[in-house]
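**Student:** I am sharing model29.cif, which consists of mmCIF, C-alpha atoms:
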data_upload
#
loop_
_atom_site.label_atom_id
_atom_site.label_comp_id
_atom_site.auth_asym_id
_atom_site.auth_seq_id
_atom_site.Cartn_x
_atom_site.Cartn_y
_atom_site.Cartn_z
CA MET A 166 28.50 -14.91 -4.57
CA ILE A 167 24.91 -15.36 -5.74
CA LYS A 168 23.98 -17.19 -2.54
CA ASN A 169 25.67 -14.57 -0.38
CA GLY A 170 24.03 -11.78 -2.36
CA LEU A 171 20.59 -13.33 -1.94
CA THR A 172 21.18 -13.75 1.80
CA TRP A 173 22.34 -10.14 2.03
CA TYR A 174 19.25 -8.95 0.15
CA LEU A 175 16.88 -10.91 2.39
CA LEU A 176 18.55 -9.64 5.54
CA LEU A 177 18.35 -6.04 4.36
CA THR A 178 14.69 -6.49 3.43
CA LYS A 179 14.00 -8.02 6.84
CA ARG A 180 15.75 -5.08 8.49
CA MET A 181 13.52 -2.58 6.67
CA LEU A 182 10.37 -4.53 7.49
CA LYS A 183 11.27 -4.38 11.18
CA LYS A 184 11.10 -0.58 11.10
CA PRO A 185 7.62 0.71 12.07
CA SER A 186 8.34 4.01 10.30
CA PHE A 187 8.99 2.19 7.02
CA TRP A 188 5.74 0.25 7.38
CA ALA A 189 3.94 3.53 8.04
CA VAL A 190 5.30 4.97 4.80
CA LEU A 191 4.35 1.89 2.80
CA LEU A 192 0.83 1.72 4.22
CA LEU A 193 0.39 5.43 3.64
CA VAL A 194 0.37 4.83 -0.12
CA PRO A 195 -2.77 2.65 -0.40
CA ALA A 196 -4.40 4.69 2.37
CA MET A 197 -3.78 7.90 0.41
CA VAL A 198 -5.13 6.39 -2.82
CA PHE A 199 -8.18 5.04 -1.01
CA GLY A 200 -8.82 8.45 0.56
CA MET A 201 -8.52 10.18 -2.82
CA GLY A 202 -11.00 7.67 -4.22
CA LEU A 203 -13.49 8.50 -1.47
CA ALA A 204 -12.98 12.22 -2.05
CA SER A 205 -13.46 11.84 -5.80
CA GLY A 206 -16.83 10.19 -5.20
CA GLY A 207 -18.11 13.12 -3.16
CA ASP A 208 -18.30 16.84 -3.76
CA SER A 209 -15.02 17.20 -5.64
CA HIS A 210 -15.88 19.94 -8.10
CA ILE A 211 -13.37 22.68 -8.72
CA LEU A 212 -16.06 25.24 -9.66
CA ARG A 213 -19.60 25.86 -8.45
CA ILE A 214 -21.66 27.97 -10.85
CA GLY A 215 -25.19 29.15 -10.21
CA VAL A 216 -27.89 29.43 -12.87
CA PHE A 217 -31.17 31.32 -12.73
CA ALA A 218 -33.74 31.14 -15.53
CA GLU A 219 -36.58 33.67 -15.38
CA GLU A 220 -40.01 32.10 -15.43
CA SER A 221 -41.99 32.49 -18.64
CA ASP A 222 -44.17 30.56 -21.06
CA ASP A 223 -41.06 29.81 -23.12
CA PRO A 224 -39.48 26.59 -21.73
CA MET A 225 -36.08 27.06 -23.40
CA GLY A 226 -34.41 28.89 -20.50
CA GLY A 227 -35.50 26.28 -17.99
CA ARG A 228 -34.42 23.49 -20.36
CA ILE A 229 -30.93 24.96 -20.69
CA ALA A 230 -30.68 25.36 -16.91
CA ASP A 231 -31.75 21.73 -16.43
CA GLU A 232 -29.14 20.51 -18.92
CA LEU A 233 -26.42 22.46 -17.15
CA GLU A 234 -27.49 21.08 -13.78
CA ASP A 235 -27.35 17.51 -15.13
CA MET A 236 -23.81 17.90 -16.47
CA GLU A 237 -21.17 15.76 -14.79
CA GLY A 238 -17.57 16.78 -14.44
CA VAL A 239 -15.34 19.15 -12.54
CA VAL A 240 -17.87 22.01 -12.80
CA GLU A 241 -21.05 21.87 -10.72
CA TYR A 242 -24.07 23.87 -11.88
CA VAL A 243 -26.71 24.73 -9.29
CA ARG A 244 -30.11 26.26 -10.07
CA PHE A 245 -31.31 29.18 -7.97
CA ASP A 246 -34.89 30.25 -7.43
CA SER A 247 -34.33 33.99 -7.79
CA GLU A 248 -31.86 36.48 -9.21
CA GLU A 249 -31.34 38.03 -5.77
CA GLU A 250 -30.41 34.67 -4.27
CA LEU A 251 -27.91 34.04 -7.05
CA ARG A 252 -26.33 37.48 -6.73
CA ARG A 253 -26.01 36.98 -2.98
CA ALA A 254 -24.33 33.56 -3.43
CA VAL A 255 -21.78 35.01 -5.86
CA SER A 256 -21.05 38.04 -3.66
CA LEU A 257 -20.42 35.77 -0.65
CA SER A 258 -18.28 33.39 -2.78
CA GLU A 259 -20.75 30.57 -2.18
CA ALA A 260 -20.76 30.28 -5.97
CA ASP A 261 -17.78 31.03 -8.17
CA ALA A 262 -19.97 32.58 -10.85
CA GLY A 263 -23.57 32.87 -11.98
CA TYR A 264 -25.56 33.01 -15.22
CA LEU A 265 -28.85 34.84 -15.67
CA LEU A 266 -31.09 33.47 -18.42
CA PRO A 267 -33.85 35.85 -19.55
CA ALA A 268 -37.53 35.13 -19.95
CA ASP A 269 -38.76 34.38 -23.48
CA MET A 270 -35.37 32.89 -24.30
CA THR A 271 -36.38 31.88 -27.82
CA SER A 272 -37.44 35.38 -28.86
CA MET A 273 -34.34 36.87 -27.20
CA MET A 274 -32.13 34.49 -29.17
CA LYS A 275 -33.87 35.49 -32.39
CA ALA A 276 -33.33 39.15 -31.56
CA TRP A 277 -29.66 38.47 -30.84
CA LEU A 278 -29.22 36.57 -34.12
CA SER A 279 -30.89 39.41 -36.00
CA GLY A 280 -28.63 41.99 -34.39
CA ARG A 281 -31.45 43.78 -32.54
CA GLU A 282 -29.35 44.48 -29.46
CA GLU A 283 -31.75 47.10 -28.15
CA GLU A 284 -34.27 44.33 -27.42
CA LEU A 285 -31.86 42.27 -25.35
CA PRO A 286 -32.45 42.35 -21.58
CA TYR A 287 -28.97 42.79 -20.10
CA GLU A 288 -27.69 46.06 -21.60
CA GLY A 289 -27.49 44.65 -25.09
CA HIS A 290 -26.42 41.16 -24.06
CA LEU A 291 -28.34 37.92 -24.24
CA ILE A 292 -26.93 36.39 -21.03
CA ALA A 293 -25.76 38.10 -17.84
CA VAL A 294 -22.63 36.74 -16.18
CA LEU A 295 -21.96 37.34 -12.49
CA ALA A 296 -18.43 36.85 -11.14
CA ASN A 297 -16.15 38.45 -8.59
CA GLU A 298 -13.11 37.83 -10.82
CA ASP A 299 -12.59 36.33 -14.24
CA THR A 300 -10.22 33.42 -13.58
CA VAL A 301 -8.77 30.98 -16.08
CA GLN A 302 -11.01 28.24 -14.67
CA LEU A 303 -14.11 30.35 -15.26
CA GLN A 304 -13.01 31.11 -18.80
CA LEU A 305 -12.70 27.39 -19.49
CA ALA A 306 -16.06 26.68 -17.83
CA ARG A 307 -17.62 29.34 -20.06
CA GLU A 308 -16.89 27.13 -23.06
CA GLN A 309 -18.93 24.39 -21.43
CA PHE A 310 -21.79 26.83 -20.88
CA PHE A 311 -21.66 27.86 -24.54
CA SER A 312 -21.85 24.21 -25.54
CA ALA A 313 -25.23 23.96 -23.80
CA ILE A 314 -26.62 27.01 -25.62
CA TYR A 315 -25.08 26.34 -29.02
CA PRO A 316 -27.54 23.61 -30.23
CA TYR A 317 -30.48 25.98 -29.73
CA LEU A 318 -28.71 28.89 -31.40
CA SER A 319 -27.68 26.65 -34.28
CA GLU A 320 -31.25 25.44 -34.82
CA LEU A 321 -32.66 28.98 -34.73
CA THR A 322 -29.96 30.13 -37.15
CA ALA A 323 -30.90 27.37 -39.59
CA GLU A 324 -34.56 28.22 -39.17
CA GLN A 325 -34.07 31.94 -39.89
CA PHE A 326 -31.82 31.17 -42.85
CA ALA A 327 -34.33 28.76 -44.38
CA LEU A 328 -37.27 31.14 -43.93
CA GLY A 329 -35.28 33.88 -45.67
CA GLN A 330 -34.70 31.83 -48.82
CA ASP A 331 -36.94 32.19 -51.86
CA GLU A 332 -37.23 28.41 -52.16
CA PHE A 333 -39.20 28.30 -48.90
CA SER A 334 -41.27 31.43 -49.41
CA GLY A 335 -44.34 29.48 -50.50
CA MET A 336 -44.23 27.05 -47.56
CA ASP A 337 -45.96 27.40 -44.24
CA GLU A 338 -43.49 28.81 -41.67
CA GLU A 339 -44.62 26.41 -38.97
CA TYR A 340 -44.08 23.47 -41.30
CA VAL A 341 -40.52 24.66 -42.08
CA ARG A 342 -39.78 25.02 -38.37
CA GLN A 343 -41.07 21.54 -37.63
CA ARG A 344 -38.99 19.98 -40.42
CA ILE A 345 -35.82 21.75 -39.25
CA SER A 346 -36.52 20.79 -35.64
CA GLY A 347 -37.05 17.17 -36.69
CA LEU A 348 -33.80 17.19 -38.66
CA TYR A 349 -31.83 18.54 -35.68
CA GLU A 350 -33.44 16.01 -33.36
CA GLU A 351 -32.54 13.22 -35.74
CA GLU A 352 -28.90 14.31 -36.02
CA ARG A 353 -28.44 15.13 -32.34
CA VAL A 354 -25.42 13.42 -30.73
CA GLU A 355 -25.97 12.73 -27.03
CA GLU A 356 -22.87 10.72 -26.21
CA SER A 357 -19.31 12.04 -26.24
CA ILE A 358 -17.84 12.46 -29.71
CA PHE A 359 -14.32 11.88 -28.38
CA ARG A 360 -12.61 8.75 -27.11
CA PHE A 361 -9.09 8.36 -25.80
CA ALA A 362 -6.68 5.74 -27.07
CA TYR A 363 -2.89 5.49 -26.84
CA GLY A 364 -2.29 3.04 -29.64
CA ALA A 365 -3.70 0.14 -31.60
CA ASP A 366 -3.44 -2.25 -28.64
CA ALA A 367 -4.71 0.23 -26.05
CA PRO A 368 -8.26 0.05 -24.72
CA SER A 369 -10.55 2.99 -25.28
CA GLU A 370 -11.08 5.15 -22.22
CA ASP A 371 -14.04 7.25 -21.26
CA PRO A 372 -12.65 10.72 -20.39
CA GLY A 373 -15.36 11.17 -17.79
CA ARG A 374 -14.91 7.77 -16.15
CA ASN A 375 -12.59 8.92 -13.36
CA SER A 376 -12.66 12.00 -11.23
CA TYR A 377 -10.02 14.62 -11.92
CA LEU A 378 -8.74 13.94 -8.38
CA MET A 379 -7.58 10.48 -9.49
CA THR A 380 -5.79 11.71 -12.60
CA PRO A 381 -2.34 12.34 -11.01
CA VAL A 382 -2.36 9.14 -8.92
CA ARG A 383 -0.15 7.16 -11.30
CA GLY A 384 2.36 10.01 -11.47
CA LEU A 385 2.43 10.44 -7.70
CA LEU A 386 2.99 6.71 -7.20
CA SER A 387 5.88 6.67 -9.68
CA VAL A 388 7.50 9.61 -7.85
CA PHE A 389 6.97 7.71 -4.58
CA VAL A 390 8.92 4.73 -5.96
CA PHE A 391 11.72 7.07 -7.04
CA PHE A 392 11.68 8.72 -3.61
CA THR A 393 11.91 5.30 -1.92
CA ALA A 394 14.98 4.44 -3.98
CA LEU A 395 16.62 7.76 -3.13
CA ALA A 396 15.85 7.28 0.57
CA MET A 397 17.40 3.81 0.47
CA GLY A 398 20.55 5.44 -0.90
CA MET A 399 20.83 7.36 2.36
CA TYR A 400 20.67 4.06 4.28
CA VAL A 401 23.52 2.73 2.12
CA ILE A 402 25.64 5.81 2.82
CA LYS A 403 24.97 5.45 6.55
CA ASP A 404 25.81 1.74 6.51
CA ARG A 405 28.98 2.46 4.57
CA LYS A 406 29.98 5.10 7.11
CA ASN A 407 29.35 2.63 9.96
CA GLY A 408 31.70 0.11 8.34
CA MET A 409 29.11 -2.47 7.29
CA TYR A 410 30.85 -3.02 3.95
CA HIS A 411 34.43 -3.32 5.29
CA TRP A 412 34.26 -7.11 5.30
CA VAL A 413 33.14 -7.20 1.65
CA ARG A 414 35.79 -7.61 -1.00
CA TYR A 415 36.26 -4.21 -2.66
CA GLY A 416 35.33 -5.42 -6.14
CA ARG A 417 31.96 -6.64 -4.84
CA THR A 418 31.07 -3.59 -2.76
CA PRO A 419 29.00 -1.91 -5.54
CA VAL A 420 26.89 -5.08 -5.84
CA TYR A 421 26.06 -5.12 -2.14
CA CYS A 422 25.34 -1.40 -2.14
CA TRP A 423 23.00 -1.93 -5.11
CA LEU A 424 21.25 -4.75 -3.24
CA GLY A 425 20.80 -2.41 -0.28
CA VAL A 426 19.02 0.14 -2.46
CA LEU A 427 17.00 -2.50 -4.30
CA SER A 428 15.66 -4.11 -1.08
CA GLY A 429 13.60 -1.09 -0.03
CA THR A 430 12.77 0.02 -3.57
CA VAL A 431 11.09 -3.32 -4.33
CA LEU A 432 8.89 -2.84 -1.25
CA GLY A 433 8.04 0.69 -2.40
CA GLY A 434 7.18 -0.62 -5.85
CA ALA A 435 4.91 -3.27 -4.32
CA ALA A 436 3.08 -0.58 -2.32
CA ALA A 437 2.71 1.55 -5.46
CA TYR A 438 1.39 -1.46 -7.41
CA ILE A 439 -1.26 -2.06 -4.75
CA GLY A 440 -2.10 1.64 -4.90
CA LEU A 441 -2.69 1.33 -8.64
CA LEU A 442 -4.93 -1.68 -8.08
CA ILE A 443 -7.30 0.23 -5.81
CA SER A 444 -7.11 3.56 -7.63
CA GLY A 445 -9.29 2.69 -10.61
CA THR A 446 -6.48 3.63 -13.03
CA PHE A 447 -5.12 0.07 -13.27
CA THR A 448 -5.13 -1.44 -16.77
CA GLU A 449 -3.99 -5.08 -17.14
CA TRP A 450 -1.53 -6.90 -14.89
CA TRP A 451 0.61 -8.03 -17.82
CA ARG A 452 0.99 -4.39 -18.83
CA GLU A 453 1.45 -2.92 -15.35
CA LEU A 454 3.74 -5.46 -13.68
CA PRO A 455 6.69 -5.36 -16.15
CA ARG A 456 6.59 -1.58 -16.29
CA MET A 457 6.56 -1.32 -12.49
CA ALA A 458 9.48 -3.76 -12.34
CA LEU A 459 11.43 -1.63 -14.83
CA LEU A 460 10.62 1.51 -12.84
CA VAL A 461 11.91 -0.17 -9.65
CA LEU A 462 15.11 -1.25 -11.41
CA GLY A 463 15.60 2.16 -13.00
CA ALA A 464 15.04 4.05 -9.74
CA ALA A 465 17.27 1.64 -7.79
CA GLY A 466 20.06 1.92 -10.35
CA PHE A 467 19.87 5.71 -10.37
CA SER A 468 20.02 5.87 -6.55
CA ALA A 469 22.79 3.26 -6.30
CA LEU A 470 24.89 5.20 -8.81
CA LEU A 471 24.23 8.49 -7.03
CA CYS A 472 25.13 7.18 -3.57
CA GLN A 473 28.32 5.66 -4.98
CA MET A 474 29.32 9.00 -6.51
CA VAL A 475 28.20 11.17 -3.58
CA ARG A 476 29.81 9.87 -0.39
CA ASN A 477 28.65 12.65 1.95
CA MET A 478 25.21 12.11 3.50
CA ALA A 479 24.48 15.85 3.84
CA VAL A 480 25.23 16.48 0.17
CA TYR A 481 23.23 13.42 -0.87
CA GLY A 482 20.32 14.56 1.33
CA ALA A 483 20.37 17.93 -0.45
CA PHE A 484 19.96 16.16 -3.79
CA LEU A 485 16.93 14.17 -2.63
CA PRO A 486 14.23 16.92 -2.47
CA VAL A 487 15.59 18.52 -5.63
CA LEU A 488 15.26 15.28 -7.60
CA VAL A 489 11.77 14.61 -6.24
CA LEU A 490 10.71 18.15 -7.12
CA LEU A 491 12.16 17.84 -10.64
CA SER A 492 10.24 14.59 -11.10
CA ALA A 493 6.97 16.20 -10.01
CA VAL A 494 7.50 19.18 -12.31
CA PHE A 495 9.10 17.78 -15.46
CA CYS A 496 7.47 14.36 -15.53
CA PRO A 497 3.80 14.29 -16.61
CA VAL A 498 2.44 13.91 -13.05
CA PHE A 499 0.02 16.85 -13.11
CA ALA A 500 0.69 18.25 -16.59
CA SER A 501 2.98 17.68 -19.54
CA PHE A 502 5.47 20.40 -20.48
CA GLN A 503 7.61 20.71 -23.57
CA GLY A 504 11.34 21.24 -23.40
CA MET A 505 14.05 20.33 -20.86
CA GLU A 506 14.39 16.85 -22.41
CA PRO A 507 17.94 16.27 -21.07
CA VAL A 508 16.63 16.71 -17.53
CA LYS A 509 13.58 14.53 -18.18
CA TRP A 510 15.71 11.71 -19.58
CA LEU A 511 17.58 11.48 -16.28
CA LEU A 512 14.38 10.76 -14.34
CA PRO A 513 12.93 7.20 -14.43
CA PRO A 514 9.30 8.33 -13.77
CA TYR A 515 9.39 10.21 -17.10
CA PHE A 516 9.76 7.02 -19.16
CA TYR A 517 7.35 5.12 -16.93
CA LEU A 518 4.52 7.65 -17.26
CA ASN A 519 4.96 8.18 -20.99
CA GLY A 520 5.20 4.48 -21.75
CA LEU A 521 1.82 3.37 -20.46
CA TYR A 522 0.59 2.37 -23.94
CA SER A 523 3.83 2.79 -25.88
CA VAL A 524 6.04 -0.25 -26.38
CA ARG A 525 8.78 1.98 -27.77
CA ILE A 526 8.98 4.21 -24.68
CA THR A 527 8.73 1.15 -22.41
CA CYS A 528 11.78 -0.19 -24.25
CA TYR A 529 13.50 3.11 -23.52
CA LEU A 530 12.69 2.56 -19.84
CA GLY A 531 14.28 -0.88 -20.07
CA LEU A 532 17.41 0.57 -21.70
CA TYR A 533 17.51 3.30 -19.06
CA ALA A 534 17.31 0.70 -16.26
CA LEU A 535 20.04 -1.37 -17.91
CA ALA A 536 22.32 1.65 -18.35
CA VAL A 537 22.03 3.08 -14.83
CA ASN A 538 22.35 -0.32 -13.15
CA ALA A 539 25.39 -1.18 -15.26
CA ALA A 540 26.91 2.19 -14.37
CA ALA A 541 26.16 1.66 -10.67
CA LEU A 542 27.86 -1.74 -10.71
CA ILE A 543 30.84 -0.98 -12.98
CA LEU A 544 31.90 2.64 -12.57
CA PRO A 545 32.54 2.54 -8.79
CA ARG A 546 35.14 -0.22 -9.36
CA ARG A 547 37.41 2.39 -10.91
CA ARG A 548 37.36 4.51 -7.79
CA ARG A 549 39.74 4.14 -4.90
CA PRO A 550 38.67 1.83 -2.06
CA LEU A 551 36.72 3.28 0.82
#
What is this structure when it is put down as structure tokens?
**Tutor:**
Amino acid sequence: MIKNGLTWYLLLTKRMLKKPSFWAVLLLVPAMVFGMGLASGGDSHILRIGVFAEESDDPMGGRIADELEDMEGVVEYVRFDSEEELRRAVSLSEADAGYLLPADMTSMMKAWLSGREEELPYEGHLIAVLANEDTVQLQLAREQFFSAIYPYLSELTAEQFALGQDEFSGMDEEYVRQRISGLYEEERVEESIFRFAYGADAPSEDPGRNSYLMTPVRGLLSVFVFFTALAMGMYVIKDRKNGMYHWVRYGRTPVYCWLGVLSGTVLGGAAAYIGLLISGTFTEWWRELPRMALLVLGAAGFSALLCQMVRNMAVYGAFLPVLVLLSAVFCPVFASFQGMEPVKWLLPPYFYLNGLYSVRITCYLGLYALAVNAAALILPRRRRPL
């Protein structure tokens, strides 16, 4: 039986590789990942925010604008030469928002810290914000803008507090300012204060290493493997309807159906593995390969069980987009949501994506693969013959 099963598997694999449409689907995966990589290296910002700093003898406004312009990430800051140019760009949606920084920024900050709102340039406000609508993305980007201003406000706050204390009343004000400025410069942290790690054995990751466009690649590839397995289930149903399994002894039919699903799913998993290699999200082969193999087995077992339970191709075809959609929504492809655990536990991409640096969840994926494959091979034997 093992020799016949291997021959059957090789013939089914050869049949799939003879289909140009199947090759097109497989080659689409690395091509898509490569295209996303090219896009992530170009102008892939989700927000474009303009900044204008009024010219003055005080360099602080220009320094803040320069720091914003040098920031890397999903928000792009662009300096404008005039307020009119910035307002025009925002009104024409060439920029999602704009910030106006006043002249004499240092004195304006001191006035703001002292509560002298009447001295502030923009109707009692230190900074003017231009936007057609206040979206969630702009609200999040505003926190990044505040992070550029905060060090200067913090230093001025410390300076005003120190000069107001009796202990410093006999000291020269310029000397106090220089000492505070030197202290802040000494304690300044330029690099990121955060690092990502998923466990003791996991490598540290730089959160700004990859573009946000590449973030969902692993999730999309896992859903692709699941989709390949489900599509192979439709081939099995079609072959069963055409009588391909009539010559097989009834007790062995589930095994040959499972081999039919596995043949194409392995090819889909290989394409997804190559996609990971070129995506920049690949870790180590000894970590990726076993998990991909478990995902292939889990997806193949799920599809083999489903096509054994659902004999009608139209009904099975109706399940396919629903299951793919559930995987994209409930598995952490684009975002992670709480709740609906019973639904998540039915989907193999859920364990695969959550087990990247977790041995425990990877073991759950192995148990899941074992359970669904055992069910696909054993439960159909209790049904009546086709």
**Student:** When you look at A:Lys403 with a cut-off of 8 Å (counting only C-alpha atoms), what residues show up, excluding the ones that are within fewer than 4 positions of it in the same chain? I need them as a PDB file with C-alpha atoms, keeping the file's coordinate frame.
**Tutor:**
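File written: selection_38.pdb
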ATOM      1  CA  MET A 399      20.830   7.360   2.360  1.00  0.00           C
ATOM      2  CA  ASN A 407      29.350   2.630   9.960  1.00  0.00           C
ATOM      3  CA  MET A 478      25.210  12.110   3.500  1.00  0.00           C
TER       4      MET A 478
END
**Student:** Between atom CA of A:Ile292 and atom CA of A:Val341, measure the distance and give it in Å to one decimal.
**Tutor:**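 So the two atoms, atom CA of A:Ile292 and atom CA of A:Val341, lie 27.7 Å apart.
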**Student:** Quick one, how far is atom CA of A:Ser501 from atom CA of A:Asn519?
**Tutor:** 9.8 Å
**Student:** Could you expand the PyMOL selection byres ((chain A and resi 316) around 12) into the explicit residues it covers here, written as a list in words?
**Tutor:**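 Evaluating the PyMOL selection byres ((chain A and resi 316) around 12) on these coordinates yields Met225, Ile229, Glu232, Met274, Phe310, Phe311, Ser312, Ala313, Ile314, Tyr315, Tyr317, Leu318, Ser319, Glu320, Leu321, Thr322, Ala323, Ser346, Tyr349, Glu350, Glu352, Arg353, Val354 and Glu355 of chain A.
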**Student:** Residues picked by the PyMOL selection byres ((chain A and resi 264) around 9) here, as a PyMOL selection string?
**Tutor:** chain A and resi 214-218+251+262-263+265-266+292-295
**Student:** For each of A:Thr430, A:Gly520, A:Ile543, A:Asp261, take the minimum atom-to-atom distance to A:Arg452, counting all atoms listed in the file, then give the residue where this is smallest.
**Tutor:**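 Checking each candidate against A:Arg452, we get A:Gly520 as the closest.
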**Student:** Give me, as a tab-separated table, each residue of stretch 273-310 of chain A that comes within 12 Å of stretch 326-337 of chain A, together with its shortest interatomic pair and the distance in Å at one decimal, counting all atoms listed in the file, with rows ordered by chain and rising residue number.
**Tutor:**
residue	atom	partner	partner_atom	distance
A:Lys275	CA	A:Phe326	CA	11.5
A:Leu278	CA	A:Phe326	CA	10.6
A:Ser279	CA	A:Phe326	CA	10.8
**Student:** Could you state which residues are captured by the PyMOL selection byres ((chain A and resi 499) around 10) in this file, as a list in words?
**Tutor:**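 Answer for the PyMOL selection byres ((chain A and resi 499) around 10): Thr380, Pro381, Val382, Arg383, Gly384, Leu385, Ala493, Val494, Phe495, Cys496, Pro497, Val498, Ala500, Ser501 and Phe502 of chain A.
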**Student:** Which of these, A:Tyr481, A:Phe199, A:Tyr515, A:Phe447, has the shortest distance to A:Ala396 once you count all atoms listed in the file?
**Tutor:**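 Among the listed residues, A:Tyr481 lies closest to A:Ala396.
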**Student:** Take atom CA of A:Pro507 and atom CA of A:Leu491 and report the distance between them in Å, one decimal.
**Tutor:**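 Taking atom CA of A:Pro507 as the start and atom CA of A:Leu491 as the end point, the length is 12.0 Å.
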**Student:** Identify which of the residues A:Trp277, A:Tyr410, A:Phe391, A:Trp188 lies closest to A:Val461, counting all atoms listed in the file when measuring atom-to-atom distances.
**Tutor:**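 Comparing A:Trp277, A:Tyr410, A:Phe391, A:Trp188 against A:Val461, the winner is A:Phe391.
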**Student:** Got a sec: who's within 7 Å of stretch 530-540 of chain A, counting only C-alpha atoms, leaving out chain neighbours fewer than 4 positions off, as a PyMOL selection string?
**Tutor:** chain A and resi 459+462-463+466-467+470+516-517+526+544
**Student:** What residues have an atom no more than 9 Å from (16.4, 16.0, -16.1) in the file's own frame, counting all atoms listed in the file, and can you write them as a ChimeraX atom specification?
**Tutor:** /A:488,491-492,495,505-512
**Student:** Using all atoms listed in the file, determine which residues lie at most 9 Å from A:Gly170, disregarding the query and same-chain residues fewer than 6 positions distant; provide the list as a compact mmCIF listing (two decimals) with C-alpha atoms, in the frame of the given file.
**Tutor:**
# COMPACT_ATOMS: atom_id res chain seq x y z
CA VAL A 420 26.89 -5.08 -5.84
CA TYR A 421 26.06 -5.12 -2.14
CA LEU A 424 21.25 -4.75 -3.24
**Student:** Tell me, as number ranges by chain, which residues lie within 12 Å of A:Ser221, counting all atoms listed in the file; anything in the same chain fewer than 4 positions away does not count.
**Tutor:** A: 225-228, 266-272
**Student:** Could you give me, as a list of chain:residue names, the residues within 10 Å of A:Gly429, counting all atoms listed in the file and dropping anything in the same chain fewer than 3 positions from it?
**Tutor:**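 Residues near the query, excluding close chain neighbours: A:Tyr174, A:Leu177, A:Thr178, A:Lys179, A:Arg180, A:Met181, A:Leu182, A:Phe187, A:Val390, A:Thr393, A:Ala394, A:Leu395, A:Ala396, A:Met397, A:Gly398, A:Tyr400, A:Leu424, A:Gly425, A:Val426, A:Leu432, A:Gly433, A:Gly434, A:Ala435, A:Val461, A:Ala465.
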